[in-house]
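One file, final_14.pdb, is given below (PDB, N, CA and C atoms).
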ATOM      1  N   MET A   1     -78.704  61.021 -84.507  1.00  0.00           N
ATOM      2  CA  MET A   1     -78.804  59.725 -85.161  1.00  0.00           C
ATOM      3  C   MET A   1     -77.433  59.356 -85.759  1.00  0.00           C
ATOM      4  N   PRO A   2     -77.014  58.076 -85.624  1.00  0.00           N
ATOM      5  CA  PRO A   2     -75.696  57.689 -86.145  1.00  0.00           C
ATOM      6  C   PRO A   2     -75.654  57.671 -87.669  1.00  0.00           C
ATOM      7  N   LYS A   3     -74.421  57.700 -88.194  1.00  0.00           N
ATOM      8  CA  LYS A   3     -74.237  57.664 -89.645  1.00  0.00           C
ATOM      9  C   LYS A   3     -74.666  56.317 -90.196  1.00  0.00           C
ATOM     10  N   MET A   4     -75.079  56.316 -91.464  1.00  0.00           N
ATOM     11  CA  MET A   4     -75.404  55.060 -92.155  1.00  0.00           C
ATOM     12  C   MET A   4     -74.100  54.364 -92.514  1.00  0.00           C
ATOM     13  N   LYS A   5     -74.035  53.062 -92.283  1.00  0.00           N
ATOM     14  CA  LYS A   5     -72.834  52.315 -92.671  1.00  0.00           C
ATOM     15  C   LYS A   5     -72.969  51.868 -94.123  1.00  0.00           C
ATOM     16  N   THR A   6     -71.862  51.884 -94.844  1.00  0.00           N
ATOM     17  CA  THR A   6     -71.825  51.389 -96.217  1.00  0.00           C
ATOM     18  C   THR A   6     -71.989  49.879 -96.185  1.00  0.00           C
ATOM     19  N   HIS A   7     -72.779  49.340 -97.097  1.00  0.00           N
ATOM     20  CA  HIS A   7     -72.994  47.894 -97.185  1.00  0.00           C
ATOM     21  C   HIS A   7     -71.755  47.242 -97.791  1.00  0.00           C
ATOM     22  N   SER A   8     -71.078  46.401 -97.000  1.00  0.00           N
ATOM     23  CA  SER A   8     -69.790  45.840 -97.416  1.00  0.00           C
ATOM     24  C   SER A   8     -69.882  45.004 -98.687  1.00  0.00           C
ATOM     25  N   GLY A   9     -70.941  44.211 -98.826  1.00  0.00           N
ATOM     26  CA  GLY A   9     -71.095  43.377-100.012  1.00  0.00           C
ATOM     27  C   GLY A   9     -71.281  44.202-101.268  1.00  0.00           C
ATOM     28  N   THR A  10     -71.999  45.309-101.150  1.00  0.00           N
ATOM     29  CA  THR A  10     -72.247  46.170-102.303  1.00  0.00           C
ATOM     30  C   THR A  10     -70.980  46.912-102.713  1.00  0.00           C
ATOM     31  N   LYS A  11     -70.207  47.382-101.748  1.00  0.00           N
ATOM     32  CA  LYS A  11     -69.016  48.155-102.106  1.00  0.00           C
ATOM     33  C   LYS A  11     -67.965  47.288-102.790  1.00  0.00           C
ATOM     34  N   LYS A  12     -68.022  45.963-102.572  1.00  0.00           N
ATOM     35  CA  LYS A  12     -67.096  45.053-103.243  1.00  0.00           C
ATOM     36  C   LYS A  12     -67.526  44.754-104.676  1.00  0.00           C
ATOM     37  N   ARG A  13     -68.807  44.944-104.976  1.00  0.00           N
ATOM     38  CA  ARG A  13     -69.346  44.550-106.278  1.00  0.00           C
ATOM     39  C   ARG A  13     -69.617  45.704-107.233  1.00  0.00           C
ATOM     40  N   ILE A  14     -69.825  46.893-106.697  1.00  0.00           N
ATOM     41  CA  ILE A  14     -70.228  48.046-107.505  1.00  0.00           C
ATOM     42  C   ILE A  14     -69.151  49.111-107.434  1.00  0.00           C
ATOM     43  N   ARG A  15     -68.796  49.701-108.585  1.00  0.00           N
ATOM     44  CA  ARG A  15     -67.879  50.842-108.553  1.00  0.00           C
ATOM     45  C   ARG A  15     -68.577  52.042-109.186  1.00  0.00           C
ATOM     46  N   VAL A  16     -68.170  53.213-108.740  1.00  0.00           N
ATOM     47  CA  VAL A  16     -68.781  54.451-109.209  1.00  0.00           C
ATOM     48  C   VAL A  16     -67.810  55.139-110.155  1.00  0.00           C
ATOM     49  N   THR A  17     -68.293  55.532-111.332  1.00  0.00           N
ATOM     50  CA  THR A  17     -67.453  56.227-112.314  1.00  0.00           C
ATOM     51  C   THR A  17     -67.304  57.690-111.918  1.00  0.00           C
ATOM     52  N   GLY A  18     -66.490  58.398-112.653  1.00  0.00           N
ATOM     53  CA  GLY A  18     -66.283  59.817-112.392  1.00  0.00           C
ATOM     54  C   GLY A  18     -67.548  60.640-112.518  1.00  0.00           C
ATOM     55  N   LYS A  19     -68.415  60.225-113.427  1.00  0.00           N
ATOM     56  CA  LYS A  19     -69.667  60.960-113.628  1.00  0.00           C
ATOM     57  C   LYS A  19     -70.778  60.485-112.701  1.00  0.00           C
ATOM     58  N   GLY A  20     -70.486  59.465-111.864  1.00  0.00           N
ATOM     59  CA  GLY A  20     -71.482  59.012-110.890  1.00  0.00           C
ATOM     60  C   GLY A  20     -72.302  57.808-111.312  1.00  0.00           C
ATOM     61  N   LYS A  21     -71.973  57.231-112.479  1.00  0.00           N
ATOM     62  CA  LYS A  21     -72.687  56.016-112.901  1.00  0.00           C
ATOM     63  C   LYS A  21     -72.211  54.844-112.069  1.00  0.00           C
ATOM     64  N   LEU A  22     -73.095  53.871-111.855  1.00  0.00           N
ATOM     65  CA  LEU A  22     -72.741  52.663-111.116  1.00  0.00           C
ATOM     66  C   LEU A  22     -72.464  51.541-112.103  1.00  0.00           C
ATOM     67  N   MET A  23     -71.308  50.909-111.961  1.00  0.00           N
ATOM     68  CA  MET A  23     -70.904  49.838-112.869  1.00  0.00           C
ATOM     69  C   MET A  23     -70.745  48.538-112.089  1.00  0.00           C
ATOM     70  N   ARG A  24     -71.034  47.425-112.772  1.00  0.00           N
ATOM     71  CA  ARG A  24     -70.926  46.112-112.155  1.00  0.00           C
ATOM     72  C   ARG A  24     -70.200  45.168-113.097  1.00  0.00           C
ATOM     73  N   GLU A  25     -69.656  44.076-112.561  1.00  0.00           N
ATOM     74  CA  GLU A  25     -69.028  43.032-113.368  1.00  0.00           C
ATOM     75  C   GLU A  25     -70.123  42.134-113.943  1.00  0.00           C
ATOM     76  N   GLN A  26     -69.829  41.503-115.069  1.00  0.00           N
ATOM     77  CA  GLN A  26     -70.775  40.548-115.625  1.00  0.00           C
ATOM     78  C   GLN A  26     -70.537  39.174-115.020  1.00  0.00           C
ATOM     79  N   ALA A  27     -71.612  38.418-114.865  1.00  0.00           N
ATOM     80  CA  ALA A  27     -71.505  37.063-114.316  1.00  0.00           C
ATOM     81  C   ALA A  27     -71.018  36.102-115.397  1.00  0.00           C
ATOM     82  N   GLY A  28     -70.437  34.988-114.971  1.00  0.00           N
ATOM     83  CA  GLY A  28     -70.074  33.938-115.919  1.00  0.00           C
ATOM     84  C   GLY A  28     -68.609  33.904-116.310  1.00  0.00           C
ATOM     85  N   LYS A  29     -67.736  34.616-115.609  1.00  0.00           N
ATOM     86  CA  LYS A  29     -66.323  34.620-115.988  1.00  0.00           C
ATOM     87  C   LYS A  29     -65.421  34.136-114.852  1.00  0.00           C
ATOM     88  N   ARG A  30     -65.955  33.410-113.900  1.00  0.00           N
ATOM     89  CA  ARG A  30     -65.182  32.947-112.753  1.00  0.00           C
ATOM     90  C   ARG A  30     -64.571  31.567-112.987  1.00  0.00           C
ATOM     91  N   HIS A  31     -65.354  30.654-113.525  1.00  0.00           N
ATOM     92  CA  HIS A  31     -64.858  29.279-113.686  1.00  0.00           C
ATOM     93  C   HIS A  31     -65.529  28.630-114.885  1.00  0.00           C
ATOM     94  N   LEU A  32     -65.126  27.398-115.184  1.00  0.00           N
ATOM     95  CA  LEU A  32     -65.629  26.663-116.352  1.00  0.00           C
ATOM     96  C   LEU A  32     -65.378  27.437-117.647  1.00  0.00           C
ATOM     97  N   LEU A  33     -64.203  28.054-117.740  1.00  0.00           N
ATOM     98  CA  LEU A  33     -63.896  28.898-118.895  1.00  0.00           C
ATOM     99  C   LEU A  33     -63.376  28.096-120.076  1.00  0.00           C
ATOM    100  N   GLU A  34     -62.992  26.849-119.828  1.00  0.00           N
ATOM    101  CA  GLU A  34     -62.364  26.042-120.872  1.00  0.00           C
ATOM    102  C   GLU A  34     -63.277  25.860-122.086  1.00  0.00           C
ATOM    103  N   HIS A  35     -64.560  25.655-121.841  1.00  0.00           N
ATOM    104  CA  HIS A  35     -65.466  25.394-122.966  1.00  0.00           C
ATOM    105  C   HIS A  35     -66.116  26.665-123.510  1.00  0.00           C
ATOM    106  N   LYS A  36     -65.865  27.820-122.868  1.00  0.00           N
ATOM    107  CA  LYS A  36     -66.417  29.073-123.373  1.00  0.00           C
ATOM    108  C   LYS A  36     -65.433  29.653-124.389  1.00  0.00           C
ATOM    109  N   SER A  37     -65.977  30.208-125.452  1.00  0.00           N
ATOM    110  CA  SER A  37     -65.121  30.737-126.515  1.00  0.00           C
ATOM    111  C   SER A  37     -64.402  32.009-126.043  1.00  0.00           C
ATOM    112  N   SER A  38     -63.289  32.316-126.686  1.00  0.00           N
ATOM    113  CA  SER A  38     -62.517  33.519-126.355  1.00  0.00           C
ATOM    114  C   SER A  38     -63.382  34.756-126.548  1.00  0.00           C
ATOM    115  N   ARG A  39     -64.174  34.746-127.594  1.00  0.00           N
ATOM    116  CA  ARG A  39     -65.054  35.879-127.877  1.00  0.00           C
ATOM    117  C   ARG A  39     -66.037  36.103-126.731  1.00  0.00           C
ATOM    118  N   ARG A  40     -66.588  35.003-126.225  1.00  0.00           N
ATOM    119  CA  ARG A  40     -67.560  35.085-125.132  1.00  0.00           C
ATOM    120  C   ARG A  40     -66.907  35.592-123.837  1.00  0.00           C
ATOM    121  N   THR A  41     -65.741  35.048-123.499  1.00  0.00           N
ATOM    122  CA  THR A  41     -65.078  35.471-122.262  1.00  0.00           C
ATOM    123  C   THR A  41     -64.607  36.919-122.364  1.00  0.00           C
ATOM    124  N   ARG A  42     -64.178  37.336-123.549  1.00  0.00           N
ATOM    125  CA  ARG A  42     -63.748  38.726-123.742  1.00  0.00           C
ATOM    126  C   ARG A  42     -64.923  39.675-123.541  1.00  0.00           C
ATOM    127  N   ARG A  43     -66.079  39.314-124.047  1.00  0.00           N
ATOM    128  CA  ARG A  43     -67.254  40.175-123.895  1.00  0.00           C
ATOM    129  C   ARG A  43     -67.770  40.194-122.466  1.00  0.00           C
ATOM    130  N   LEU A  44     -67.560  39.090-121.746  1.00  0.00           N
ATOM    131  CA  LEU A  44     -67.985  39.032-120.341  1.00  0.00           C
ATOM    132  C   LEU A  44     -67.080  39.869-119.437  1.00  0.00           C
ATOM    133  N   SER A  45     -65.873  40.188-119.914  1.00  0.00           N
ATOM    134  CA  SER A  45     -64.928  40.892-119.054  1.00  0.00           C
ATOM    135  C   SER A  45     -65.212  42.388-118.948  1.00  0.00           C
ATOM    136  N   SER A  46     -66.032  42.942-119.816  1.00  0.00           N
ATOM    137  CA  SER A  46     -66.307  44.377-119.743  1.00  0.00           C
ATOM    138  C   SER A  46     -67.359  44.668-118.674  1.00  0.00           C
ATOM    139  N   ASP A  47     -67.231  45.816-118.021  1.00  0.00           N
ATOM    140  CA  ASP A  47     -68.190  46.222-117.000  1.00  0.00           C
ATOM    141  C   ASP A  47     -69.504  46.648-117.648  1.00  0.00           C
ATOM    142  N   GLN A  48     -70.584  46.474-116.898  1.00  0.00           N
ATOM    143  CA  GLN A  48     -71.911  46.860-117.362  1.00  0.00           C
ATOM    144  C   GLN A  48     -72.505  47.861-116.382  1.00  0.00           C
ATOM    145  N   PRO A  49     -73.332  48.796-116.872  1.00  0.00           N
ATOM    146  CA  PRO A  49     -74.007  49.697-115.933  1.00  0.00           C
ATOM    147  C   PRO A  49     -75.078  48.942-115.149  1.00  0.00           C
ATOM    148  N   VAL A  50     -75.303  49.366-113.928  1.00  0.00           N
ATOM    149  CA  VAL A  50     -76.352  48.775-113.096  1.00  0.00           C
ATOM    150  C   VAL A  50     -77.696  49.168-113.698  1.00  0.00           C
ATOM    151  N   ALA A  51     -78.669  48.254-113.641  1.00  0.00           N
ATOM    152  CA  ALA A  51     -79.999  48.508-114.202  1.00  0.00           C
ATOM    153  C   ALA A  51     -80.625  49.737-113.543  1.00  0.00           C
ATOM    154  N   ARG A  52     -81.340  50.511-114.340  1.00  0.00           N
ATOM    155  CA  ARG A  52     -81.940  51.755-113.841  1.00  0.00           C
ATOM    156  C   ARG A  52     -82.863  51.512-112.661  1.00  0.00           C
ATOM    157  N   ALA A  53     -83.546  50.372-112.656  1.00  0.00           N
ATOM    158  CA  ALA A  53     -84.477  50.050-111.573  1.00  0.00           C
ATOM    159  C   ALA A  53     -83.751  49.826-110.243  1.00  0.00           C
ATOM    160  N   ASP A  54     -82.467  49.453-110.295  1.00  0.00           N
ATOM    161  CA  ASP A  54     -81.718  49.125-109.083  1.00  0.00           C
ATOM    162  C   ASP A  54     -80.813  50.249-108.582  1.00  0.00           C
ATOM    163  N   VAL A  55     -80.645  51.303-109.380  1.00  0.00           N
ATOM    164  CA  VAL A  55     -79.669  52.350-109.055  1.00  0.00           C
ATOM    165  C   VAL A  55     -79.989  53.017-107.718  1.00  0.00           C
ATOM    166  N   LYS A  56     -81.248  53.320-107.482  1.00  0.00           N
ATOM    167  CA  LYS A  56     -81.641  54.023-106.258  1.00  0.00           C
ATOM    168  C   LYS A  56     -81.266  53.202-105.023  1.00  0.00           C
ATOM    169  N   MET A  57     -81.556  51.915-105.061  1.00  0.00           N
ATOM    170  CA  MET A  57     -81.258  51.038-103.931  1.00  0.00           C
ATOM    171  C   MET A  57     -79.746  50.900-103.725  1.00  0.00           C
ATOM    172  N   MET A  58     -78.993  50.752-104.835  1.00  0.00           N
ATOM    173  CA  MET A  58     -77.549  50.598-104.736  1.00  0.00           C
ATOM    174  C   MET A  58     -76.899  51.864-104.142  1.00  0.00           C
ATOM    175  N   LYS A  59     -77.377  53.024-104.545  1.00  0.00           N
ATOM    176  CA  LYS A  59     -76.827  54.266-104.016  1.00  0.00           C
ATOM    177  C   LYS A  59     -77.091  54.370-102.522  1.00  0.00           C
ATOM    178  N   LYS A  60     -78.251  53.914-102.092  1.00  0.00           N
ATOM    179  CA  LYS A  60     -78.571  53.928-100.663  1.00  0.00           C
ATOM    180  C   LYS A  60     -77.636  52.983 -99.904  1.00  0.00           C
ATOM    181  N   LEU A  61     -77.380  51.808-100.467  1.00  0.00           N
ATOM    182  CA  LEU A  61     -76.498  50.838 -99.817  1.00  0.00           C
ATOM    183  C   LEU A  61     -75.053  51.345 -99.766  1.00  0.00           C
ATOM    184  N   LEU A  62     -74.664  52.138-100.771  1.00  0.00           N
ATOM    185  CA  LEU A  62     -73.305  52.678-100.796  1.00  0.00           C
ATOM    186  C   LEU A  62     -73.181  53.950 -99.959  1.00  0.00           C
ATOM    187  N   GLY A  63     -74.302  54.439 -99.467  1.00  0.00           N
ATOM    188  CA  GLY A  63     -74.277  55.648 -98.643  1.00  0.00           C
ATOM    189  C   GLY A  63     -74.077  56.911 -99.437  1.00  0.00           C
ATOM    190  N   ARG A  64     -74.623  56.961-100.665  1.00  0.00           N
ATOM    191  CA  ARG A  64     -74.491  58.138-101.525  1.00  0.00           C
ATOM    192  C   ARG A  64     -75.781  58.898-101.615  1.00  0.00           C
TER     193      ARG A  64
END

Let's see the structure in the file written out as structure tokens.
Amino acid sequence: MPKMKTHSGTKKRIRVTGKGKLMREQAGKRHLLEHKSSRRTRRLSSDQPVARADVKMMKKLLGR
């Protein structure tokens, strides 16, 4: 049976930490930033862990 291919869309959006946690970017920091406060945009810039319910599926898509 051939190898599973990594899902290209997922590998662009999810990164794996050294300990194996899956991290994602927060939505809302791409455009229309003029009216958002500095505090809000700063908080949106930090990575968030992927929800526990989705981790299994994401790992499968990443081929882990």

- Select, counting only C-alpha atoms, all protein, DNA and RNA residues no farther than 8 Å from (-68.0, 47.0, -116.5) in file coordinates, and express the selection as a PyMOL selection string. chain A and resi 23-26+45-49

- Message: So, with only N, CA and C atoms as the atoms that count, which of A:Met1, A:Ala53, A:Lys60, A:Gly28 lies closest to Thr41 in chain A?
- Response: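 The answer is A:Gly28, which sits nearest to Thr41 in chain A.
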
- Task: Using atom N of Val50 in chain A and atom C of Lys21 in chain A as the two end points, give the distance in Å to one decimal.
- Result: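 Interatomic distance here is 6.6 Å.
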
Would you please give, as a PDB file with N, CA and C atoms, in the frame of the given file, all residues of chain A that DSSP assigns to helix (DSSP H, G or I) based on the backbone?
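This is the output file part.pdb:
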ATOM      1  N   SER A   8     -71.078  46.401 -97.000  1.00  0.00           N
ATOM      2  CA  SER A   8     -69.790  45.840 -97.416  1.00  0.00           C
ATOM      3  C   SER A   8     -69.882  45.004 -98.687  1.00  0.00           C
ATOM      4  N   GLY A   9     -70.941  44.211 -98.826  1.00  0.00           N
ATOM      5  CA  GLY A   9     -71.095  43.377-100.012  1.00  0.00           C
ATOM      6  C   GLY A   9     -71.281  44.202-101.268  1.00  0.00           C
ATOM      7  N   THR A  10     -71.999  45.309-101.150  1.00  0.00           N
ATOM      8  CA  THR A  10     -72.247  46.170-102.303  1.00  0.00           C
ATOM      9  C   THR A  10     -70.980  46.912-102.713  1.00  0.00           C
ATOM     10  N   LYS A  11     -70.207  47.382-101.748  1.00  0.00           N
ATOM     11  CA  LYS A  11     -69.016  48.155-102.106  1.00  0.00           C
ATOM     12  C   LYS A  11     -67.965  47.288-102.790  1.00  0.00           C
ATOM     13  N   LYS A  12     -68.022  45.963-102.572  1.00  0.00           N
ATOM     14  CA  LYS A  12     -67.096  45.053-103.243  1.00  0.00           C
ATOM     15  C   LYS A  12     -67.526  44.754-104.676  1.00  0.00           C
ATOM     16  N   ARG A  13     -68.807  44.944-104.976  1.00  0.00           N
ATOM     17  CA  ARG A  13     -69.346  44.550-106.278  1.00  0.00           C
ATOM     18  C   ARG A  13     -69.617  45.704-107.233  1.00  0.00           C
ATOM     19  N   SER A  38     -63.289  32.316-126.686  1.00  0.00           N
ATOM     20  CA  SER A  38     -62.517  33.519-126.355  1.00  0.00           C
ATOM     21  C   SER A  38     -63.382  34.756-126.548  1.00  0.00           C
ATOM     22  N   ARG A  39     -64.174  34.746-127.594  1.00  0.00           N
ATOM     23  CA  ARG A  39     -65.054  35.879-127.877  1.00  0.00           C
ATOM     24  C   ARG A  39     -66.037  36.103-126.731  1.00  0.00           C
ATOM     25  N   ARG A  40     -66.588  35.003-126.225  1.00  0.00           N
ATOM     26  CA  ARG A  40     -67.560  35.085-125.132  1.00  0.00           C
ATOM     27  C   ARG A  40     -66.907  35.592-123.837  1.00  0.00           C
ATOM     28  N   THR A  41     -65.741  35.048-123.499  1.00  0.00           N
ATOM     29  CA  THR A  41     -65.078  35.471-122.262  1.00  0.00           C
ATOM     30  C   THR A  41     -64.607  36.919-122.364  1.00  0.00           C
ATOM     31  N   ARG A  42     -64.178  37.336-123.549  1.00  0.00           N
ATOM     32  CA  ARG A  42     -63.748  38.726-123.742  1.00  0.00           C
ATOM     33  C   ARG A  42     -64.923  39.675-123.541  1.00  0.00           C
ATOM     34  N   ARG A  43     -66.079  39.314-124.047  1.00  0.00           N
ATOM     35  CA  ARG A  43     -67.254  40.175-123.895  1.00  0.00           C
ATOM     36  C   ARG A  43     -67.770  40.194-122.466  1.00  0.00           C
ATOM     37  N   LEU A  44     -67.560  39.090-121.746  1.00  0.00           N
ATOM     38  CA  LEU A  44     -67.985  39.032-120.341  1.00  0.00           C
ATOM     39  C   LEU A  44     -67.080  39.869-119.437  1.00  0.00           C
ATOM     40  N   ARG A  52     -81.340  50.511-114.340  1.00  0.00           N
ATOM     41  CA  ARG A  52     -81.940  51.755-113.841  1.00  0.00           C
ATOM     42  C   ARG A  52     -82.863  51.512-112.661  1.00  0.00           C
ATOM     43  N   ALA A  53     -83.546  50.372-112.656  1.00  0.00           N
ATOM     44  CA  ALA A  53     -84.477  50.050-111.573  1.00  0.00           C
ATOM     45  C   ALA A  53     -83.751  49.826-110.243  1.00  0.00           C
ATOM     46  N   ASP A  54     -82.467  49.453-110.295  1.00  0.00           N
ATOM     47  CA  ASP A  54     -81.718  49.125-109.083  1.00  0.00           C
ATOM     48  C   ASP A  54     -80.813  50.249-108.582  1.00  0.00           C
ATOM     49  N   VAL A  55     -80.645  51.303-109.380  1.00  0.00           N
ATOM     50  CA  VAL A  55     -79.669  52.350-109.055  1.00  0.00           C
ATOM     51  C   VAL A  55     -79.989  53.017-107.718  1.00  0.00           C
ATOM     52  N   LYS A  56     -81.248  53.320-107.482  1.00  0.00           N
ATOM     53  CA  LYS A  56     -81.641  54.023-106.258  1.00  0.00           C
ATOM     54  C   LYS A  56     -81.266  53.202-105.023  1.00  0.00           C
ATOM     55  N   MET A  57     -81.556  51.915-105.061  1.00  0.00           N
ATOM     56  CA  MET A  57     -81.258  51.038-103.931  1.00  0.00           C
ATOM     57  C   MET A  57     -79.746  50.900-103.725  1.00  0.00           C
ATOM     58  N   MET A  58     -78.993  50.752-104.835  1.00  0.00           N
ATOM     59  CA  MET A  58     -77.549  50.598-104.736  1.00  0.00           C
ATOM     60  C   MET A  58     -76.899  51.864-104.142  1.00  0.00           C
ATOM     61  N   LYS A  59     -77.377  53.024-104.545  1.00  0.00           N
ATOM     62  CA  LYS A  59     -76.827  54.266-104.016  1.00  0.00           C
ATOM     63  C   LYS A  59     -77.091  54.370-102.522  1.00  0.00           C
ATOM     64  N   LYS A  60     -78.251  53.914-102.092  1.00  0.00           N
ATOM     65  CA  LYS A  60     -78.571  53.928-100.663  1.00  0.00           C
ATOM     66  C   LYS A  60     -77.636  52.983 -99.904  1.00  0.00           C
ATOM     67  N   LEU A  61     -77.380  51.808-100.467  1.00  0.00           N
ATOM     68  CA  LEU A  61     -76.498  50.838 -99.817  1.00  0.00           C
ATOM     69  C   LEU A  61     -75.053  51.345 -99.766  1.00  0.00           C
ATOM     70  N   LEU A  62     -74.664  52.138-100.771  1.00  0.00           N
ATOM     71  CA  LEU A  62     -73.305  52.678-100.796  1.00  0.00           C
ATOM     72  C   LEU A  62     -73.181  53.950 -99.959  1.00  0.00           C
TER      73      LEU A  62
END

- Residues matched by the PyMOL selection byres (((chain A and resi 7-15 and name CA) around 7) and name CA) as a ChimeraX atom specification: /A:5-6,16-17,22-24,61-62

How big is the axis-aligned box around all listed atoms of range 43-54 of chain A once 4 Å goes on each side, and where's its centre, in Å to one decimal, as AutoDock Vina command-line options?
--center_x -74.7 --center_y 45.4 --center_z -116.3 --size_x 27.5 --size_y 20.7 --size_z 23.5

- Query: Between atom C of Met4 in chain A and atom C of Arg64 in chain A, what is the distance, to one decimal in Å?
  - Reply: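 Taking atom C of Met4 in chain A and atom C of Arg64 in chain A, their separation equals 10.3 Å.
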